[in-house]
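Data first, discussion second: the structure below is written as structure tokens.
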Amino acid sequence: MKVKLTLFNRTKFIIGNGASTRFWEDTWLGETPLAIQYPSLYRIVQRREVFVATVLQSNPLNIQFRRTLIGNR
């Protein structure tokens with residue numbers, strides 16, 4: 001499992017249509033996976049292994065979190 005994580009953290013993907021690139025766990029936007037770039041969001045997302053195509057198919061983005069992101073501050 002450590003080898004898998006190291007591989008995915010150091011590999012970039014060409015997403016094409018996004019049907020086989022994982023939104024949070026593959027490096028497709030920036031230098032590291034979005035899970036590493038935004039760990040607090042990754043911790044509360046409902047579907048961690050969702051694909052880029054699934055997320056980007058609608059507006060607003062097709063991402064569900066376990067709690068609301070807007071609160072009183």
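Labeling convention for the structure tokens: chains A, B, ... as they appear, residues from 1 per chain, ligands from 1 in order of appearance.
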Do you know which residues are at most 12 Å from Arg47 of chain A counting only C-alpha atoms, after dropping those on the same chain fewer than 3 positions away, and could you put them as an NGL selection string? :A and (22-25 or 35 or 41-44 or 50-52 or 54-55 or 62-66)
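Among the candidates A:Thr21, A:Ser58, A:Thr68, A:Trp28, the one nearest to Val45 of chain A when counting only C-alpha atoms is A:Thr68.
In terms of minimum interatomic distance to Thr32 of chain A, A:Arg10 ranks closest within A:Arg10, A:Leu56, A:Ser20, A:Gln46, counting only C-alpha atoms.
Atom CA of Asn59 of chain A lies 28.4 Å from atom CA of Thr11 of chain A.
Taking only segment 11-68 of chain A, the residues that DSSP calls strand (DSSP E or B) from the backbone come to Lys12, Arg22, Thr27, Val45, Phe51 and Phe65 of chain A.
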